[in-house]
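Take a look at the structure set out below.
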Amino acid sequence: MNAPDRYERFVVPEGTKKVSYERDTKIVNAASFTIEREDHTIGNIVRMQLHRDPNVLFAGYKLPHPLQYKIIVRIHTTSQSSPTQAYSQAISDLDKELEYLKQAFEDEKNRREQRQELP
Amino acid sequence: MDRPAAGASYQRFPRVRIRELRDDYAKFELRDTDASMANALRRVMIAEVPTVAIDLVEIEVNSSVLNDEFIAHRLGLIPLTSAAAMQMRFSRDCDACDGDGSCEYCSVEFHLAARAESDQTLEVTSNDLRSNDPKVCPVDQARAYQQALSGSDFDPNTGDQRGILIVKLRRGQELRLRAIARKGIGKDHAKWSPAATVTFMYEPDIRINEELMETLTLDEKRSWVESSPTKVFAIDPITEQVRVADAEEYTYDDEVIKKAEAMGKPGLVEINAKEDSFIFTVETTGAITAYELIMNAITVLRQKLDAVRLQDDDGDLGELDAHLGGP
Ligand SMILES: [Zn+2]
């Protein structure tokens, strides 16, 4: 009866920002990103990609509660970089990786079809 | 410590090898990426690649033994051909029918009418559903149609061709309804999931210490090989040497390692999971092909990443904060 609507898990409510950014008040180059309506799928790949960046001193994410449909990504970088820069770089690196992967799949499928036609 | 300047790319370049590819099944190797990417792809394939499924049922007549809700639920679970789902609109985003969710851009209408006239029990199946869009129909109807086109023998009453049973009617009972199928994702309801199974495993790296192995008698070798619950190792009948028969049969159960220790031969075998190599098994419900499922998962994951990019105003605000009150 009072169950939340199922779509609330993935539809960002009107007037809510998908990503909001909050700087840490005590530590330089540290910030938290609150991402609405996302879960481990995005949280974990972003975190692991951030770990590949040597300017990132800390990167972690949490899903605060299973019924609060948001994740919080926390990033601390060296002075060579900034949390927003590291975050944006991680997203575009992941995007390029997936673009590459898609091409790799298409190429592999074509190669396979040619192999099967030959004999 | 020297760190590269910000702005450098840390992109990976994954490699793929497809081992098996059929309409509803794929097995492939994914290398040079990490578990987070493999798992994100798995999660997206299961819960976020869209398909079409029956979502609204208006029952005109139902004198069957099953109640209306029960039948509506069963209709929802019938896989429908969803190759067009990626291009369709979600009803909640559709402006052509303002949220009513029944226009051609966001929905497909089905009709079903069945009445048992004879003494024989009538089986109402997915084959009785009539779609108003030839692209979207129950998957077994589509398969039967394909087989009929290719001219292979087709008997609608045997094996797979019988369709998915919805309800059985006895003489005089009737079922008549109208159903609306909509685009959706598995996260909303499992009926929209195109995935029957999606799993991945780490590729095992198995190294036998040959020197130590040769200190075992044939009987000891046999009992060690048999200690594995799956057929990972085998003994060569001629050389009587232990070899790896199928590394991927290993389930990371540690049984052979414990057995070696119990035999007083620790280090007899070393097994490690290769952390950047994955073997995927993908099986679909037939709503889309396994290849489409993989490609759509990549597309959906890219769309998700695009949605979480910082907007220009986010970045500027951050910089502004830094100037105004930052330390
Ligand atoms: Zn519509």
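Going by the structure tokens order, chains are called A, B, ..., each with residues numbered from 1, while ligands are numbered from 1 in the order shown.
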
Query - Neighbour list for range 91-105 of chain B as a list in words, cut-off 8 Å, only C-alpha atoms, skip fewer than 5 positions in-chain - result: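 Skipping anything fewer than 5 positions along the chain leaves Ile180, Arg182 and Lys183 of chain B.
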
Report task. Just need the residues of chain A within 6 Å of chain B, counting only C-alpha atoms, so spit them out as an MDAnalysis selection string. Result -> chainID A and resid 6 41 44:45 80:81 93 95 97

Query raised in the report: Pick the closest to Thr251 in chain B from B:Glu203, B:Glu226, B:Glu58, B:Asp312: which is it, counting only C-alpha atoms?
Result: B:Glu203

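Of the listed residues B:Arg89, B:Arg171, B:Arg130, B:Lys259, the one whose atoms come nearest to ligand 1 is B:Arg89, with distances taken using only C-alpha atoms and all ligand atoms.
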
Requested in this report: From range 27-115 of chain A, collect each residue whose DSSP state is alpha helix (DSSP H) and return the set as a ChimeraX atom specification.
Outcome: /A:40-51,83-115

Report task. Extract, using only C-alpha atoms, all DNA, RNA and protein residues at most 12 Å from Leu80 in chain B, discarding same-chain residues fewer than 4 positions from it, and format them as a ChimeraX atom specification. Result -> /B:50-55,75-76,84-85,108,110,126-127,129-131,133-143,164,180-184,191-194,284-289

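CA of Thr197 in chain B is positioned 25.3 Å from CA of Asn272 in chain B.
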
Report task. Just the residues within 9 Å of Leu50 in chain A, please, counting only C-alpha atoms, with nothing from its chain fewer than 3 positions along; format it as a ChimeraX atom specification. Result -> /A:45-47,53-56,58-60,75,86-87,89-91 /B:10

Report task. Write out as a list in words which residues come within 9 Å of Ser20 in chain A when counting only C-alpha atoms, dropping same-chain ones fewer than 3 positions away. Result ->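 Contacts, with the query itself left out: Lys17, Ser32, Phe33, Thr34, Ile35 and Glu36 of chain A; Leu310 and Asp314 of chain B.
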
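For the residues B:Met86, B:Ile71, B:Ile46, B:Cys106, ranking by smallest atom-to-atom distance to ligand 1 using only C-alpha atoms and all ligand atoms places B:Cys106 first.
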
Report task. Would you mind listing what lies within 7 Å of Pro83 in chain A as a ChimeraX atom specification, with only C-alpha atoms counted and same-chain residues fewer than 5 positions away left out? Result -> /A:29-31,75-77

Going by DSSP on the backbone, which residues of range 39-242 of chain B come out as strand (DSSP E)? List them as a JSON list (two decimals) with N, CA, C and O atoms, in the first residue's frame.
[["chain", "number", "residue", "atom", "x", "y", "z"],
["B", 51, "THR", "N", 13.34, -4.11, -23.15],
["B", 51, "THR", "CA", 12.57, -5.00, -24.03],
["B", 51, "THR", "C", 11.11, -4.52, -23.99],
["B", 51, "THR", "O", 10.81, -3.54, -23.32],
["B", 52, "VAL", "N", 10.25, -5.25, -24.70],
["B", 52, "VAL", "CA", 8.83, -4.95, -24.68],
["B", 52, "VAL", "C", 8.13, -6.10, -23.97],
["B", 52, "VAL", "O", 8.46, -7.26, -24.21],
["B", 53, "ALA", "N", 7.20, -5.78, -23.08],
["B", 53, "ALA", "CA", 6.42, -6.83, -22.41],
["B", 53, "ALA", "C", 5.02, -6.29, -22.12],
["B", 53, "ALA", "O", 4.83, -5.07, -22.00],
["B", 54, "ILE", "N", 4.09, -7.21, -22.01],
["B", 54, "ILE", "CA", 2.70, -6.80, -21.74],
["B", 54, "ILE", "C", 2.63, -6.16, -20.35],
["B", 54, "ILE", "O", 3.13, -6.71, -19.37],
["B", 55, "ASP", "N", 2.01, -4.98, -20.30],
["B", 55, "ASP", "CA", 2.03, -4.19, -19.07],
["B", 55, "ASP", "C", 0.64, -3.81, -18.60],
["B", 55, "ASP", "O", 0.44, -3.43, -17.46],
["B", 56, "LEU", "N", -0.33, -3.88, -19.51],
["B", 56, "LEU", "CA", -1.70, -3.50, -19.14],
["B", 56, "LEU", "C", -2.65, -4.48, -19.80],
["B", 56, "LEU", "O", -2.51, -4.76, -21.00],
["B", 57, "VAL", "N", -3.56, -5.03, -19.05],
["B", 57, "VAL", "CA", -4.50, -6.01, -19.60],
["B", 57, "VAL", "C", -5.92, -5.58, -19.25],
["B", 57, "VAL", "O", -6.21, -5.32, -18.09],
["B", 58, "GLU", "N", -6.75, -5.52, -20.29],
["B", 58, "GLU", "CA", -8.18, -5.25, -20.06],
["B", 58, "GLU", "C", -8.92, -6.53, -20.39],
["B", 58, "GLU", "O", -8.92, -6.98, -21.53],
["B", 59, "ILE", "N", -9.54, -7.11, -19.37],
["B", 59, "ILE", "CA", -10.21, -8.38, -19.59],
["B", 59, "ILE", "C", -11.68, -8.14, -19.89],
["B", 59, "ILE", "O", -12.38, -7.46, -19.13],
["B", 60, "GLU", "N", -12.13, -8.67, -21.03],
["B", 60, "GLU", "CA", -13.54, -8.52, -21.40],
["B", 60, "GLU", "C", -14.36, -9.66, -20.81],
["B", 60, "GLU", "O", -15.36, -9.45, -20.16],
["B", 61, "VAL", "N", -13.86, -10.89, -21.07],
["B", 61, "VAL", "CA", -14.53, -12.06, -20.52],
["B", 61, "VAL", "C", -13.47, -12.99, -19.96],
["B", 61, "VAL", "O", -12.46, -13.22, -20.61],
["B", 62, "ASN", "N", -13.68, -13.49, -18.78],
["B", 62, "ASN", "CA", -12.78, -14.50, -18.24],
["B", 62, "ASN", "C", -13.61, -15.46, -17.41],
["B", 62, "ASN", "O", -13.94, -15.18, -16.26],
["B", 107, "SER", "N", 3.87, 1.84, -27.54],
["B", 107, "SER", "CA", 3.11, 0.65, -27.13],
["B", 107, "SER", "C", 2.72, -0.22, -28.32],
["B", 107, "SER", "O", 2.77, 0.22, -29.47],
["B", 108, "VAL", "N", 2.37, -1.44, -28.03],
["B", 108, "VAL", "CA", 1.88, -2.38, -29.04],
["B", 108, "VAL", "C", 0.64, -3.03, -28.44],
["B", 108, "VAL", "O", 0.63, -3.40, -27.27],
["B", 109, "GLU", "N", -0.40, -3.14, -29.25],
["B", 109, "GLU", "CA", -1.65, -3.69, -28.73],
["B", 109, "GLU", "C", -1.79, -5.16, -29.12],
["B", 109, "GLU", "O", -1.41, -5.56, -30.22],
["B", 110, "PHE", "N", -2.31, -5.95, -28.21],
["B", 110, "PHE", "CA", -2.55, -7.37, -28.46],
["B", 110, "PHE", "C", -4.02, -7.69, -28.17],
["B", 110, "PHE", "O", -4.64, -7.06, -27.31],
["B", 111, "HIS", "N", -4.52, -8.67, -28.89],
["B", 111, "HIS", "CA", -5.87, -9.18, -28.60],
["B", 111, "HIS", "C", -5.80, -10.69, -28.45],
["B", 111, "HIS", "O", -4.97, -11.34, -29.10],
["B", 112, "LEU", "N", -6.65, -11.18, -27.60],
["B", 112, "LEU", "CA", -6.72, -12.63, -27.44],
["B", 112, "LEU", "C", -8.18, -12.99, -27.27],
["B", 112, "LEU", "O", -8.90, -12.35, -26.48],
["B", 113, "ALA", "N", -8.64, -13.98, -28.02],
["B", 113, "ALA", "CA", -10.01, -14.46, -27.88],
["B", 113, "ALA", "C", -10.00, -15.96, -28.03],
["B", 113, "ALA", "O", -9.53, -16.48, -29.05],
["B", 114, "ALA", "N", -10.46, -16.67, -27.02],
["B", 114, "ALA", "CA", -10.48, -18.13, -27.10],
["B", 114, "ALA", "C", -11.70, -18.64, -26.33],
["B", 114, "ALA", "O", -12.07, -18.09, -25.29],
["B", 115, "ARG", "N", -12.32, -19.68, -26.90],
["B", 115, "ARG", "CA", -13.47, -20.27, -26.23],
["B", 115, "ARG", "C", -13.45, -21.76, -26.53],
["B", 115, "ARG", "O", -13.25, -22.18, -27.69],
["B", 122, "LEU", "N", -9.10, -27.05, -23.91],
["B", 122, "LEU", "CA", -8.44, -26.13, -24.85],
["B", 122, "LEU", "C", -7.29, -25.44, -24.15],
["B", 122, "LEU", "O", -7.47, -24.84, -23.08],
["B", 123, "GLU", "N", -6.11, -25.54, -24.75],
["B", 123, "GLU", "CA", -4.95, -24.86, -24.17],
["B", 123, "GLU", "C", -4.81, -23.50, -24.84],
["B", 123, "GLU", "O", -4.60, -23.41, -26.04],
["B", 124, "VAL", "N", -4.93, -22.45, -24.04],
["B", 124, "VAL", "CA", -4.72, -21.10, -24.57],
["B", 124, "VAL", "C", -3.24, -20.77, -24.38],
["B", 124, "VAL", "O", -2.73, -20.83, -23.26],
["B", 125, "THR", "N", -2.55, -20.48, -25.48],
["B", 125, "THR", "CA", -1.11, -20.25, -25.39],
["B", 125, "THR", "C", -0.75, -18.89, -26.00],
["B", 125, "THR", "O", -1.60, -18.19, -26.53],
["B", 130, "ARG", "N", -2.74, -11.98, -30.68],
["B", 130, "ARG", "CA", -2.67, -11.31, -31.98],
["B", 130, "ARG", "C", -2.13, -9.91, -31.76],
["B", 130, "ARG", "O", -2.72, -9.13, -31.01],
["B", 131, "SER", "N", -1.02, -9.61, -32.44],
["B", 131, "SER", "CA", -0.37, -8.31, -32.28],
["B", 131, "SER", "C", -0.80, -7.37, -33.39],
["B", 131, "SER", "O", -1.09, -7.82, -34.51],
["B", 165, "LEU", "N", 2.02, -21.80, -22.46],
["B", 165, "LEU", "CA", 0.68, -22.01, -21.93],
["B", 165, "LEU", "C", 0.26, -20.84, -21.03],
["B", 165, "LEU", "O", 1.00, -20.44, -20.13],
["B", 166, "ILE", "N", -0.92, -20.31, -21.30],
["B", 166, "ILE", "CA", -1.45, -19.23, -20.45],
["B", 166, "ILE", "C", -2.50, -19.79, -19.49],
["B", 166, "ILE", "O", -2.42, -19.59, -18.29],
["B", 167, "VAL", "N", -3.48, -20.51, -20.05],
["B", 167, "VAL", "CA", -4.52, -21.09, -19.21],
["B", 167, "VAL", "C", -5.18, -22.23, -20.00],
["B", 167, "VAL", "O", -5.12, -22.27, -21.22],
["B", 168, "LYS", "N", -5.79, -23.17, -19.28],
["B", 168, "LYS", "CA", -6.53, -24.24, -19.95],
["B", 168, "LYS", "C", -8.03, -23.99, -19.76],
["B", 168, "LYS", "O", -8.45, -23.63, -18.65],
["B", 169, "LEU", "N", -8.79, -24.17, -20.82],
["B", 169, "LEU", "CA", -10.24, -23.94, -20.75],
["B", 169, "LEU", "C", -10.99, -25.26, -20.95],
["B", 169, "LEU", "O", -10.60, -26.08, -21.78],
["B", 174, "GLU", "N", -14.43, -19.28, -21.47],
["B", 174, "GLU", "CA", -13.98, -18.33, -22.48],
["B", 174, "GLU", "C", -12.99, -17.32, -21.90],
["B", 174, "GLU", "O", -13.08, -16.96, -20.72],
["B", 175, "LEU", "N", -12.06, -16.88, -22.75],
["B", 175, "LEU", "CA", -11.14, -15.82, -22.35],
["B", 175, "LEU", "C", -11.05, -14.83, -23.51],
["B", 175, "LEU", "O", -10.77, -15.22, -24.65],
["B", 176, "ARG", "N", -11.32, -13.57, -23.20],
["B", 176, "ARG", "CA", -11.25, -12.54, -24.24],
["B", 176, "ARG", "C", -10.64, -11.31, -23.60],
["B", 176, "ARG", "O", -11.10, -10.88, -22.53],
["B", 177, "LEU", "N", -9.59, -10.78, -24.20],
["B", 177, "LEU", "CA", -8.93, -9.64, -23.56],
["B", 177, "LEU", "C", -8.18, -8.79, -24.58],
["B", 177, "LEU", "O", -7.93, -9.20, -25.70],
["B", 178, "ARG", "N", -7.82, -7.59, -24.10],
["B", 178, "ARG", "CA", -6.98, -6.66, -24.87],
["B", 178, "ARG", "C", -5.78, -6.37, -23.99],
["B", 178, "ARG", "O", -5.95, -6.16, -22.78],
["B", 179, "ALA", "N", -4.59, -6.38, -24.57],
["B", 179, "ALA", "CA", -3.40, -6.14, -23.75],
["B", 179, "ALA", "C", -2.52, -5.09, -24.42],
["B", 179, "ALA", "O", -2.44, -5.02, -25.65],
["B", 180, "ILE", "N", -1.88, -4.27, -23.59],
["B", 180, "ILE", "CA", -0.95, -3.27, -24.10],
["B", 180, "ILE", "C", 0.46, -3.66, -23.65],
["B", 180, "ILE", "O", 0.70, -3.86, -22.45],
["B", 181, "ALA", "N", 1.36, -3.79, -24.63],
["B", 181, "ALA", "CA", 2.76, -4.08, -24.30],
["B", 181, "ALA", "C", 3.54, -2.78, -24.37],
["B", 181, "ALA", "O", 3.30, -1.95, -25.24],
["B", 182, "ARG", "N", 4.45, -2.60, -23.40],
["B", 182, "ARG", "CA", 5.23, -1.37, -23.35],
["B", 182, "ARG", "C", 6.71, -1.68, -23.19],
["B", 182, "ARG", "O", 7.10, -2.78, -22.77],
["B", 183, "LYS", "N", 7.50, -0.67, -23.48],
["B", 183, "LYS", "CA", 8.94, -0.78, -23.29],
["B", 183, "LYS", "C", 9.26, -0.63, -21.81],
["B", 183, "LYS", "O", 8.64, 0.18, -21.12],
["B", 184, "GLY", "N", 10.21, -1.42, -21.33],
["B", 184, "GLY", "CA", 10.60, -1.30, -19.92],
["B", 184, "GLY", "C", 11.94, -1.97, -19.69],
["B", 184, "GLY", "O", 12.54, -2.53, -20.61],
["B", 195, "ALA", "N", 17.55, -11.08, -20.23],
["B", 195, "ALA", "CA", 18.57, -12.06, -19.87],
["B", 195, "ALA", "C", 17.96, -13.25, -19.14],
["B", 195, "ALA", "O", 17.23, -13.08, -18.17],
["B", 196, "ALA", "N", 18.26, -14.45, -19.64],
["B", 196, "ALA", "CA", 17.91, -15.65, -18.89],
["B", 196, "ALA", "C", 19.02, -15.91, -17.88],
["B", 196, "ALA", "O", 18.77, -16.16, -16.72],
["B", 197, "THR", "N", 20.26, -15.87, -18.36],
["B", 197, "THR", "CA", 21.41, -15.91, -17.45],
["B", 197, "THR", "C", 22.52, -15.07, -18.05],
["B", 197, "THR", "O", 22.74, -15.10, -19.26],
["B", 198, "VAL", "N", 23.20, -14.34, -17.20],
["B", 198, "VAL", "CA", 24.45, -13.70, -17.59],
["B", 198, "VAL", "C", 25.42, -13.95, -16.44],
["B", 198, "VAL", "O", 25.17, -13.55, -15.31],
["B", 199, "THR", "N", 26.48, -14.68, -16.74],
["B", 199, "THR", "CA", 27.48, -14.94, -15.69],
["B", 199, "THR", "C", 28.86, -14.69, -16.27],
["B", 199, "THR", "O", 29.05, -14.75, -17.48],
["B", 200, "PHE", "N", 29.79, -14.37, -15.38],
["B", 200, "PHE", "CA", 31.19, -14.38, -15.83],
["B", 200, "PHE", "C", 32.03, -15.01, -14.75],
["B", 200, "PHE", "O", 31.65, -15.03, -13.57],
["B", 201, "MET", "N", 33.13, -15.60, -15.17],
["B", 201, "MET", "CA", 34.08, -16.17, -14.21],
["B", 201, "MET", "C", 35.47, -15.65, -14.53],
["B", 201, "MET", "O", 35.76, -15.28, -15.67],
["B", 202, "TYR", "N", 36.31, -15.62, -13.53],
["B", 202, "TYR", "CA", 37.72, -15.31, -13.76],
["B", 202, "TYR", "C", 38.35, -16.51, -14.43],
["B", 202, "TYR", "O", 38.08, -17.65, -14.03],
["B", 203, "GLU", "N", 39.21, -16.26, -15.38],
["B", 203, "GLU", "CA", 39.92, -17.36, -15.99],
["B", 203, "GLU", "C", 40.96, -17.89, -15.00],
["B", 203, "GLU", "O", 41.77, -17.12, -14.50],
["B", 204, "PRO", "N", 40.94, -19.19, -14.67],
["B", 204, "PRO", "CA", 41.92, -19.70, -13.70],
["B", 204, "PRO", "C", 43.28, -19.94, -14.35],
["B", 204, "PRO", "O", 43.36, -20.33, -15.51],
["B", 205, "ASP", "N", 44.31, -19.70, -13.57],
["B", 205, "ASP", "CA", 45.68, -19.96, -14.02],
["B", 205, "ASP", "C", 46.19, -21.08, -13.11],
["B", 205, "ASP", "O", 46.45, -20.86, -11.94],
["B", 206, "ILE", "N", 46.28, -22.28, -13.66],
["B", 206, "ILE", "CA", 46.62, -23.46, -12.85],
["B", 206, "ILE", "C", 48.03, -23.92, -13.16],
["B", 206, "ILE", "O", 48.37, -24.17, -14.32],
["B", 207, "ARG", "N", 48.86, -23.99, -12.09],
["B", 207, "ARG", "CA", 50.24, -24.46, -12.29],
["B", 207, "ARG", "C", 50.51, -25.65, -11.39],
["B", 207, "ARG", "O", 50.42, -25.55, -10.17],
["B", 208, "ILE", "N", 50.84, -26.76, -12.02],
["B", 208, "ILE", "CA", 51.16, -27.96, -11.26],
["B", 208, "ILE", "C", 52.67, -27.97, -11.01],
["B", 208, "ILE", "O", 53.45, -27.70, -11.92],
["B", 233, "PHE", "N", 41.38, -31.93, -13.49],
["B", 233, "PHE", "CA", 42.64, -32.63, -13.79],
["B", 233, "PHE", "C", 42.35, -34.02, -14.35],
["B", 233, "PHE", "O", 41.26, -34.57, -14.17],
["B", 234, "ALA", "N", 43.36, -34.56, -15.02],
["B", 234, "ALA", "CA", 43.25, -35.93, -15.53],
["B", 234, "ALA", "C", 44.63, -36.55, -15.51],
["B", 234, "ALA", "O", 45.64, -35.83, -15.44],
["B", 235, "ILE", "N", 44.66, -37.88, -15.55],
["B", 235, "ILE", "CA", 45.95, -38.57, -15.60],
["B", 235, "ILE", "C", 46.13, -39.14, -17.00],
["B", 235, "ILE", "O", 45.24, -39.81, -17.53],
["B", 242, "VAL", "N", 50.01, -36.22, -14.27],
["B", 242, "VAL", "CA", 48.80, -35.44, -14.05],
["B", 242, "VAL", "C", 48.85, -34.21, -14.94],
["B", 242, "VAL", "O", 49.86, -33.53, -15.02]]

Query raised in the report: Within 10 Å of range 69-72 of chain A, counting only C-alpha atoms, which residues qualify if same-chain residues fewer than 6 places away don't, as a list of chain:residue names?
Result: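 Once the nearby chain positions are removed, what remains is A:Glu8, A:Arg9, A:Phe10, A:Val11, A:Val12, A:Lys18, A:Val19, A:Ser20, A:Tyr21, A:Ser32, A:Phe33, A:Thr34, A:Ile35, A:Glu36, A:Arg37, A:Glu38, A:Asp39, A:His40, A:Ile42, A:Gly43, A:Gly60, A:Tyr61, A:Lys62, A:Leu63.
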
**Report entry** Atomic distance CA of Ser82 in chain B - CA of Asp24 in chain B, expressed in Å with one decimal
**Finding:**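 It comes out at 13.0 Å.
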
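Atom pair CA of Trp224 in chain B / CA of Thr239 in chain B has a distance of 16.8 Å (rounded to one decimal).
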